[in-house]
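Single-structure report; data block below.
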Amino acid sequence: MTREGRSRSHRSKKKRITLTLAPVAALAVIVPLMNSAGAATPDEVSADCSSDSDKLENCEFVPVQDKKNSLGPNERVTTVTDNCGVATAATKTFSGTASVQRVVQLENGFGVDGSTKLGNSFFEIGLKFNTQEINIKRDDTASSFTFSRSDTVQPDHIAFFMWSHKRTDVSGFLRATYKEAQDGQTVFFSPSEGSTAVHVFYPQLLKNGTPDGRLWLRNVKCGTPQADGILDNQNSARAEPGFEQGGENVTDVEVPLSEVQVS
């Protein structure tokens with residue numbers, strides 16, 4: 001009877017151990033499922049910030065580094081004056097408009113409206129880079145000036161004015177705070193914390209409020225590939241080389257903005 005009693009007692013303990021392990025095993029299955037709940041990806045953060053999603057408590061731009069006095073795109077800002085086939089120089093009048101606007105470069109080309117939380121963050125961050133020496137345009141409206149002046153077109157050349165505005169390039173990342181936790185957290189980044197992949201280009205302005213930059217007259221020898229390409233695309237935007245980067249058939253002469261009559 002003694003052996004039989006011990007045997008029953010032994011079996012009973014086994015059953016109790018088995019019943020104790022069962023809930024632990026079930027919990028082990030649940031925990032990975034909870035941890036795999038979808039966290040916001042960098043692309044989703046960019047999209048939510050750009051659209052000012054209702055899911056967001058806030059979205060802000062975090063600056064990491066900046067570069068002042070960088071130059072923007074090279075733009076042709078007057079019509080092309082044609083002096084091809086003429087053996088003498090000609091004095092021509094050029095009229096044009098140079099315009100600048102704050103530019104934001106997000107991942108995947110998302111745009112940003114100035115009325116969003118992120119747009120307001122760009123405006124506020126710009127205040128940190130607005131100094132006595134450098135006046136920048138913080139909002140997303142355009143600023144411009146119009147000019148008219150007479151200059152020399154070389155013999156057998158075409159000529160036009162080029163413009164490249166000065167800007168402060170501030171780079172960093174986005175930090176989004178969500179109203180509801182995702183994967184156990186509410187703060188996510190795009191593209192990553194500490195990144196410098198998001199750029200905000202703040203145009204620099206002169207004391208009178210007009211855009212600062214480089215304005216130059218460009219003469220291009222007629223009958224060259226450079227001149228033919230320009231004449232074939234006079235009314236369309238095209239990439240142009242920078243100041244003194246056009247090659248042997250191109251002559252650039254910078255005109256100080258102090259010498260330009262603007263309106």
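The chains in the structure tokens are called A, B, ... from first to last as shown; in each chain the residues are counted from 1, and the ligands are counted from 1 in the order shown.
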
Residue neighbourhood Thr186 (chain A), 10 Å, only C-alpha atoms, exclusion window fewer than 2 positions, as JSON, numbers by chain: {"A": [39, 40, 56, 57, 176, 177, 178, 179, 180, 181, 182, 183, 184, 188]}

Next, dump the selected residues to file, keeping only all heavy atoms, as a short mmCIF file (atom, residue, chain, number, x, y, z; two decimals), in the first residue's frame.
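The file below, result.cif, is the result:
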data_model
loop_
_atom_site.label_atom_id
_atom_site.label_comp_id
_atom_site.auth_asym_id
_atom_site.auth_seq_id
_atom_site.Cartn_x
_atom_site.Cartn_y
_atom_site.Cartn_z
N ALA A 39 5.15 49.44 -36.16
CA ALA A 39 5.66 50.76 -35.80
C ALA A 39 5.73 51.62 -37.05
O ALA A 39 5.85 51.11 -38.17
CB ALA A 39 7.04 50.62 -35.18
N ALA A 40 5.65 52.95 -36.89
CA ALA A 40 5.69 53.86 -38.03
C ALA A 40 7.05 53.79 -38.71
O ALA A 40 8.09 53.94 -38.07
CB ALA A 40 5.41 55.28 -37.56
N LEU A 56 -1.11 62.51 -35.45
CA LEU A 56 0.06 63.16 -34.84
C LEU A 56 -0.31 64.13 -33.73
O LEU A 56 -1.24 64.93 -33.86
CB LEU A 56 0.85 63.92 -35.91
CG LEU A 56 1.54 63.10 -37.00
CD1 LEU A 56 2.20 64.04 -38.00
CD2 LEU A 56 2.57 62.16 -36.38
N GLU A 57 0.46 64.04 -32.66
CA GLU A 57 0.41 65.07 -31.63
C GLU A 57 1.27 66.26 -32.06
O GLU A 57 0.91 67.42 -31.86
CB GLU A 57 0.94 64.50 -30.30
CG GLU A 57 0.83 65.46 -29.13
CD GLU A 57 -0.60 65.70 -28.69
OE1 GLU A 57 -1.41 64.75 -28.77
OE2 GLU A 57 -0.90 66.85 -28.30
N ALA A 176 8.50 62.82 -35.12
CA ALA A 176 7.04 62.79 -35.04
C ALA A 176 6.59 62.18 -33.72
O ALA A 176 7.11 61.13 -33.32
CB ALA A 176 6.46 61.99 -36.21
N THR A 177 5.65 62.85 -33.07
CA THR A 177 5.06 62.33 -31.84
C THR A 177 3.61 61.95 -32.13
O THR A 177 2.81 62.81 -32.50
CB THR A 177 5.11 63.37 -30.71
OG1 THR A 177 6.46 63.78 -30.51
CG2 THR A 177 4.55 62.79 -29.42
N TYR A 178 3.29 60.67 -31.97
CA TYR A 178 1.94 60.17 -32.26
C TYR A 178 1.08 60.20 -31.01
O TYR A 178 1.56 60.06 -29.88
CB TYR A 178 2.02 58.75 -32.82
CG TYR A 178 2.50 58.70 -34.25
CD1 TYR A 178 3.85 58.78 -34.56
CD2 TYR A 178 1.60 58.61 -35.31
CE1 TYR A 178 4.30 58.75 -35.87
CE2 TYR A 178 2.03 58.58 -36.63
CZ TYR A 178 3.38 58.65 -36.90
OH TYR A 178 3.82 58.63 -38.21
N LYS A 179 -0.23 60.38 -31.23
CA LYS A 179 -1.17 60.42 -30.11
C LYS A 179 -1.30 59.06 -29.44
O LYS A 179 -1.47 58.98 -28.22
CB LYS A 179 -2.54 60.89 -30.61
CG LYS A 179 -2.55 62.33 -31.13
CD LYS A 179 -3.90 62.69 -31.71
CE LYS A 179 -3.89 64.12 -32.26
NZ LYS A 179 -5.18 64.49 -32.90
N GLU A 180 -1.24 58.00 -30.22
CA GLU A 180 -1.34 56.65 -29.69
C GLU A 180 -0.03 55.90 -29.93
O GLU A 180 0.60 56.05 -30.98
CB GLU A 180 -2.50 55.91 -30.35
CG GLU A 180 -3.87 56.54 -30.06
CD GLU A 180 -5.01 55.74 -30.66
OE1 GLU A 180 -4.73 54.66 -31.23
OE2 GLU A 180 -6.16 56.19 -30.58
N ALA A 181 0.34 55.10 -28.94
CA ALA A 181 1.59 54.35 -29.03
C ALA A 181 1.54 53.30 -30.14
O ALA A 181 0.50 52.69 -30.39
CB ALA A 181 1.89 53.67 -27.69
N GLN A 182 2.65 53.13 -30.79
CA GLN A 182 2.82 52.09 -31.79
C GLN A 182 4.05 51.28 -31.40
O GLN A 182 5.12 51.85 -31.22
CB GLN A 182 3.02 52.69 -33.18
CG GLN A 182 1.88 53.58 -33.65
CD GLN A 182 2.13 54.12 -35.04
OE1 GLN A 182 2.54 53.39 -35.94
NE2 GLN A 182 1.90 55.41 -35.22
N ASP A 183 3.85 50.00 -31.24
CA ASP A 183 4.95 49.13 -30.82
C ASP A 183 5.55 49.61 -29.49
O ASP A 183 6.76 49.56 -29.28
CB ASP A 183 6.03 49.07 -31.90
CG ASP A 183 6.95 47.86 -31.74
OD1 ASP A 183 6.55 46.91 -31.04
OD2 ASP A 183 8.06 47.88 -32.30
N GLY A 184 4.68 50.15 -28.63
CA GLY A 184 5.12 50.55 -27.30
C GLY A 184 5.75 51.92 -27.22
O GLY A 184 6.26 52.30 -26.16
N PHE A 188 8.75 58.72 -33.29
CA PHE A 188 9.44 58.06 -34.40
C PHE A 188 10.15 59.12 -35.24
O PHE A 188 9.81 60.31 -35.19
CB PHE A 188 8.46 57.27 -35.26
CG PHE A 188 7.80 56.13 -34.53
CD1 PHE A 188 6.62 56.32 -33.84
CD2 PHE A 188 8.39 54.87 -34.52
CE1 PHE A 188 6.02 55.27 -33.15
CE2 PHE A 188 7.80 53.82 -33.85
CZ PHE A 188 6.62 54.01 -33.15
#

Residue set, region 46-252 of chain A restricted to strand (DSSP E or B), as a PyMOL selection string: chain A and resi 56-71+75-76+78+81-82+90-101+103-105+135-136+142-153+157-182+185-190+198-205+211+213-221+250-252

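Residue nearest His157 (chain A) within the list A:Asp232, A:Asp48, A:Glu244, A:Asp82: A:Asp82 [criterion: smallest interatomic distance, only C-alpha atoms].
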
Nearest candidate to Gly213 (chain A) (options A:Gln132, A:Thr168, A:Thr141, A:Ser46; using only C-alpha atoms):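 For Gly213 (chain A), the nearest of the given residues is A:Thr168.
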
Sort by chain and increasing residue number a table of all residues of region 35-112 of chain A within 8 Å of region 201-210 of chain A, each with its closest pair of atoms and their distance in Å to one decimal, counting only C-alpha atoms, and write it as a Markdown table.
| residue | atom | partner | partner_atom | distance |
| --- | --- | --- | --- | --- |
| A:Asn69 | CA | A:Gln204 | CA | 7.8 |
| A:Val100 | CA | A:Pro203 | CA | 6.4 |
| A:Gln101 | CA | A:Pro203 | CA | 6.4 |
| A:Arg102 | CA | A:Tyr202 | CA | 5.1 |
| A:Val103 | CA | A:Phe201 | CA | 5.1 |
| A:Val104 | CA | A:Phe201 | CA | 6.3 |

CA of Ala142 (chain A) to CA of Thr81 (chain A), straight-line distance in Å: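 One can read the CA of Thr81 (chain A) to CA of Ala142 (chain A) distance as 27.4 Å.
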
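Using only C-alpha atoms, the contacts of Arg238 (chain A) at a cut-off of 9 Å, with sequence neighbours closer than 2 positions omitted, comprise A:Glu75, A:Arg76, A:Ile230, A:Asn233, A:Ser236, A:Glu240.
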
Pull N, CA and C atoms from the residues just selected and write them as an mmCIF file, in the first residue's frame.
data_model
loop_
_atom_site.group_PDB
_atom_site.id
_atom_site.type_symbol
_atom_site.label_atom_id
_atom_site.label_comp_id
_atom_site.auth_asym_id
_atom_site.auth_seq_id
_atom_site.Cartn_x
_atom_site.Cartn_y
_atom_site.Cartn_z
ATOM 1 N N GLU A 75 19.826 79.729 -62.912
ATOM 2 C CA GLU A 75 18.602 80.002 -63.667
ATOM 3 C C GLU A 75 18.818 81.083 -64.716
ATOM 4 N N ARG A 76 18.257 80.872 -65.893
ATOM 5 C CA ARG A 76 18.244 81.920 -66.910
ATOM 6 C C ARG A 76 17.042 82.816 -66.638
ATOM 7 N N ILE A 230 20.574 76.259 -76.438
ATOM 8 C CA ILE A 230 19.839 77.356 -75.806
ATOM 9 C C ILE A 230 18.796 77.925 -76.758
ATOM 10 N N ASN A 233 15.707 75.895 -77.099
ATOM 11 C CA ASN A 233 14.887 75.747 -75.893
ATOM 12 C C ASN A 233 14.752 77.070 -75.141
ATOM 13 N N SER A 236 11.817 77.250 -72.482
ATOM 14 C CA SER A 236 11.644 76.159 -71.525
ATOM 15 C C SER A 236 12.811 76.145 -70.539
ATOM 16 N N GLU A 240 21.531 74.700 -66.570
ATOM 17 C CA GLU A 240 22.608 75.523 -67.098
ATOM 18 C C GLU A 240 23.830 75.379 -66.190
#

Which of A:Ser164, A:Val200, A:Thr88, A:Ile158 sits closest to Asp140 (chain A) [using only C-alpha atoms]: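 The answer is A:Val200, which sits nearest to Asp140 (chain A).
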
Selection: 12 Å around Ala47 (chain A), only C-alpha atoms, excl. self and same-chain fewer than 6 positions, as a count of residues only: 20

Secondary structure check, helix (DSSP H, G or I) residues of region 30-165 of chain A, as a ChimeraX atom specification: /A:30-35,42-51,107-109,117-129

Write a file of the selected residues as a compact mmCIF listing (two decimals), in the first residue's frame, keeping N, CA and C atoms.
# COMPACT_ATOMS: atom_id res chain seq x y z
N ILE A 30 1.78 35.03 -26.94
CA ILE A 30 1.15 36.35 -27.04
C ILE A 30 2.17 37.47 -27.12
N VAL A 31 3.25 37.38 -26.33
CA VAL A 31 4.23 38.47 -26.27
C VAL A 31 4.85 38.80 -27.63
N PRO A 32 5.32 37.81 -28.43
CA PRO A 32 5.87 38.14 -29.75
C PRO A 32 4.84 38.80 -30.65
N LEU A 33 3.58 38.40 -30.52
CA LEU A 33 2.55 39.01 -31.36
C LEU A 33 2.38 40.48 -31.01
N MET A 34 2.45 40.81 -29.72
CA MET A 34 2.34 42.20 -29.32
C MET A 34 3.55 43.01 -29.79
N ASN A 35 4.74 42.44 -29.69
CA ASN A 35 5.95 43.15 -30.08
C ASN A 35 6.03 43.39 -31.58
N PRO A 42 9.97 55.19 -41.53
CA PRO A 42 10.40 56.53 -41.92
C PRO A 42 9.54 57.14 -43.02
N ASP A 43 9.14 56.34 -44.00
CA ASP A 43 8.28 56.85 -45.08
C ASP A 43 6.92 57.27 -44.53
N GLU A 44 6.38 56.48 -43.60
CA GLU A 44 5.09 56.83 -43.01
C GLU A 44 5.19 58.09 -42.17
N VAL A 45 6.30 58.26 -41.48
CA VAL A 45 6.51 59.48 -40.71
C VAL A 45 6.53 60.69 -41.64
N SER A 46 7.26 60.60 -42.75
CA SER A 46 7.29 61.70 -43.72
C SER A 46 5.91 62.01 -44.27
N ALA A 47 5.17 60.95 -44.62
CA ALA A 47 3.84 61.13 -45.19
C ALA A 47 2.89 61.74 -44.16
N ASP A 48 2.92 61.26 -42.93
CA ASP A 48 2.03 61.78 -41.89
C ASP A 48 2.37 63.23 -41.56
N CYS A 49 3.66 63.55 -41.49
CA CYS A 49 4.06 64.93 -41.21
C CYS A 49 3.66 65.86 -42.35
N SER A 50 3.83 65.41 -43.57
CA SER A 50 3.52 66.24 -44.74
C SER A 50 2.02 66.53 -44.83
N SER A 51 1.21 65.53 -44.50
CA SER A 51 -0.25 65.68 -44.61
C SER A 51 -0.87 66.22 -43.33
N GLU A 107 12.25 63.07 -47.72
CA GLU A 107 12.40 61.76 -48.34
C GLU A 107 11.25 61.52 -49.30
N ASN A 108 11.53 60.89 -50.42
CA ASN A 108 10.51 60.49 -51.40
C ASN A 108 9.74 61.68 -51.98
N GLY A 109 10.30 62.88 -51.91
CA GLY A 109 9.70 64.02 -52.59
C GLY A 109 8.43 64.57 -51.98
N LYS A 117 1.89 71.49 -38.89
CA LYS A 117 2.78 71.51 -37.73
C LYS A 117 4.24 71.54 -38.20
N LEU A 118 4.55 70.73 -39.22
CA LEU A 118 5.91 70.68 -39.73
C LEU A 118 6.29 72.00 -40.39
N GLY A 119 5.37 72.58 -41.16
CA GLY A 119 5.64 73.87 -41.80
C GLY A 119 5.92 74.95 -40.77
N ASN A 120 5.18 74.93 -39.67
CA ASN A 120 5.42 75.90 -38.60
C ASN A 120 6.77 75.66 -37.95
N SER A 121 7.17 74.39 -37.85
CA SER A 121 8.48 74.07 -37.28
C SER A 121 9.61 74.64 -38.14
N PHE A 122 9.48 74.53 -39.47
CA PHE A 122 10.50 75.10 -40.36
C PHE A 122 10.60 76.62 -40.15
N PHE A 123 9.44 77.27 -39.96
CA PHE A 123 9.42 78.71 -39.75
C PHE A 123 10.13 79.08 -38.45
N GLU A 124 9.84 78.33 -37.38
CA GLU A 124 10.44 78.61 -36.08
C GLU A 124 11.94 78.32 -36.08
N ILE A 125 12.33 77.21 -36.71
CA ILE A 125 13.76 76.85 -36.75
C ILE A 125 14.55 77.93 -37.49
N GLY A 126 13.94 78.51 -38.54
CA GLY A 126 14.62 79.54 -39.32
C GLY A 126 15.05 80.73 -38.48
N LEU A 127 14.34 80.97 -37.38
CA LEU A 127 14.67 82.10 -36.52
C LEU A 127 16.07 81.95 -35.93
N LYS A 128 16.50 80.71 -35.71
CA LYS A 128 17.82 80.46 -35.14
C LYS A 128 18.95 80.85 -36.10
N PHE A 129 18.63 80.88 -37.39
CA PHE A 129 19.67 81.17 -38.39
C PHE A 129 19.53 82.57 -38.99

Can you tell me which residues surround Gly223 (chain A) at a distance of at most 10 Å, considering only C-alpha atoms, apart from same-chain residues fewer than 5 positions away, and format the answer as a PDB file with N, CA, C and O atoms, in the first residue's frame?
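Once written, around-v8.pdb looks like this:
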ATOM      1  N   CYS A  84      24.035  86.756 -83.637  1.00  0.00           N
ATOM      2  CA  CYS A  84      24.742  85.813 -84.501  1.00  0.00           C
ATOM      3  C   CYS A  84      24.946  86.398 -85.903  1.00  0.00           C
ATOM      4  O   CYS A  84      24.067  87.095 -86.436  1.00  0.00           O
ATOM      5  N   GLY A  85      26.113  86.105 -86.506  1.00  0.00           N
ATOM      6  CA  GLY A  85      26.404  86.553 -87.861  1.00  0.00           C
ATOM      7  C   GLY A  85      26.766  88.012 -87.956  1.00  0.00           C
ATOM      8  O   GLY A  85      26.935  88.543 -89.065  1.00  0.00           O
ATOM      9  N   ASP A 156      28.897  87.894 -82.958  1.00  0.00           N
ATOM     10  CA  ASP A 156      28.567  86.499 -83.263  1.00  0.00           C
ATOM     11  C   ASP A 156      28.344  85.678 -81.980  1.00  0.00           C
ATOM     12  O   ASP A 156      28.815  84.554 -81.859  1.00  0.00           O
ATOM     13  N   HIS A 157      27.603  86.264 -81.073  1.00  0.00           N
ATOM     14  CA  HIS A 157      27.265  85.607 -79.811  1.00  0.00           C
ATOM     15  C   HIS A 157      25.769  85.784 -79.506  1.00  0.00           C
ATOM     16  O   HIS A 157      25.124  86.692 -80.035  1.00  0.00           O
ATOM     17  N   ILE A 158      25.266  84.930 -78.665  1.00  0.00           N
ATOM     18  CA  ILE A 158      23.985  85.180 -78.022  1.00  0.00           C
ATOM     19  C   ILE A 158      24.288  85.539 -76.573  1.00  0.00           C
ATOM     20  O   ILE A 158      25.368  85.220 -76.052  1.00  0.00           O
ATOM     21  N   ASP A 228      23.335  76.421 -79.752  1.00  0.00           N
ATOM     22  CA  ASP A 228      22.227  75.765 -80.448  1.00  0.00           C
ATOM     23  C   ASP A 228      21.217  75.190 -79.452  1.00  0.00           C
ATOM     24  O   ASP A 228      20.000  75.287 -79.651  1.00  0.00           O
ATOM     25  N   GLY A 229      21.724  74.593 -78.369  1.00  0.00           N
ATOM     26  CA  GLY A 229      20.826  74.034 -77.362  1.00  0.00           C
ATOM     27  C   GLY A 229      19.980  75.098 -76.693  1.00  0.00           C
ATOM     28  O   GLY A 229      18.792  74.902 -76.430  1.00  0.00           O
ATOM     29  N   ASN A 249      33.527  78.197 -74.993  1.00  0.00           N
ATOM     30  CA  ASN A 249      32.649  78.994 -75.854  1.00  0.00           C
ATOM     31  C   ASN A 249      31.732  79.929 -75.072  1.00  0.00           C
ATOM     32  O   ASN A 249      30.862  80.580 -75.656  1.00  0.00           O
TER      33      ASN A 249
END

Straight-line distance linking CA of Val77 (chain A) with CA of Asp113 (chain A), stated in Å to one decimal: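 Straight-line distance from CA of Val77 (chain A) to CA of Asp113 (chain A) works out to 26.7 Å.
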
Could you give me, as a short mmCIF file (atom, residue, chain, number, x, y, z; two decimals) with N, CA and C atoms, in the first residue's frame, the residues within 10 Å of Asn74 (chain A), counting only C-alpha atoms and dropping anything in the same chain fewer than 3 positions from it?
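Final output, around.cif:
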data_model
loop_
_atom_site.label_atom_id
_atom_site.label_comp_id
_atom_site.auth_asym_id
_atom_site.auth_seq_id
_atom_site.Cartn_x
_atom_site.Cartn_y
_atom_site.Cartn_z
N LEU A 71 24.99 78.37 -52.83
CA LEU A 71 24.29 78.91 -54.00
C LEU A 71 23.24 77.92 -54.50
N VAL A 77 17.30 84.14 -66.43
CA VAL A 77 16.22 85.02 -65.97
C VAL A 77 15.85 86.11 -66.97
N MET A 162 22.00 85.31 -66.14
CA MET A 162 21.86 84.14 -65.27
C MET A 162 21.77 84.60 -63.82
N TRP A 163 21.13 83.77 -63.00
CA TRP A 163 20.95 84.11 -61.58
C TRP A 163 21.07 82.85 -60.73
N SER A 164 21.74 82.98 -59.58
CA SER A 164 21.83 81.91 -58.60
C SER A 164 21.72 82.55 -57.23
N HIS A 165 20.69 82.22 -56.48
CA HIS A 165 20.45 82.90 -55.21
C HIS A 165 21.27 82.29 -54.07
N ARG A 214 23.97 85.77 -56.89
CA ARG A 214 24.91 86.12 -57.96
C ARG A 214 24.13 86.32 -59.26
N LEU A 215 24.35 87.48 -59.89
CA LEU A 215 23.73 87.80 -61.18
C LEU A 215 24.85 88.00 -62.19
N ARG A 238 15.81 74.68 -68.46
CA ARG A 238 16.83 73.68 -68.72
C ARG A 238 18.00 73.91 -67.77
N ALA A 239 18.72 72.84 -67.50
CA ALA A 239 19.87 72.95 -66.59
C ALA A 239 20.97 73.74 -67.28
N GLU A 240 21.53 74.70 -66.57
CA GLU A 240 22.61 75.52 -67.10
C GLU A 240 23.83 75.38 -66.19
N PRO A 241 25.03 75.40 -66.77
CA PRO A 241 26.24 75.35 -65.93
C PRO A 241 26.36 76.60 -65.08
N GLY A 242 27.10 76.48 -63.99
CA GLY A 242 27.27 77.60 -63.07
C GLY A 242 28.21 78.66 -63.59
N PHE A 243 28.44 79.66 -62.77
CA PHE A 243 29.28 80.79 -63.14
C PHE A 243 30.70 80.30 -63.48
#

Counting only C-alpha atoms, the residue of A:His199, A:Lys68, A:Arg175, A:Lys92 that sits nearest Ile136 (chain A):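 Closest to Ile136 (chain A) of all the choices is A:Lys68.
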
Pairwise distance for CA of Val255 (chain A) and CA of Asn83 (chain A), rounded to one decimal in Å: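 Pair CA of Val255 (chain A) / CA of Asn83 (chain A) returns 20.7 Å.
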
Nearest candidate to Lys221 (chain A) (options A:Glu259, A:Glu133, A:Asp151, A:Asp252; using only C-alpha atoms):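 That would be A:Asp252, the residue with the smallest distance to Lys221 (chain A).
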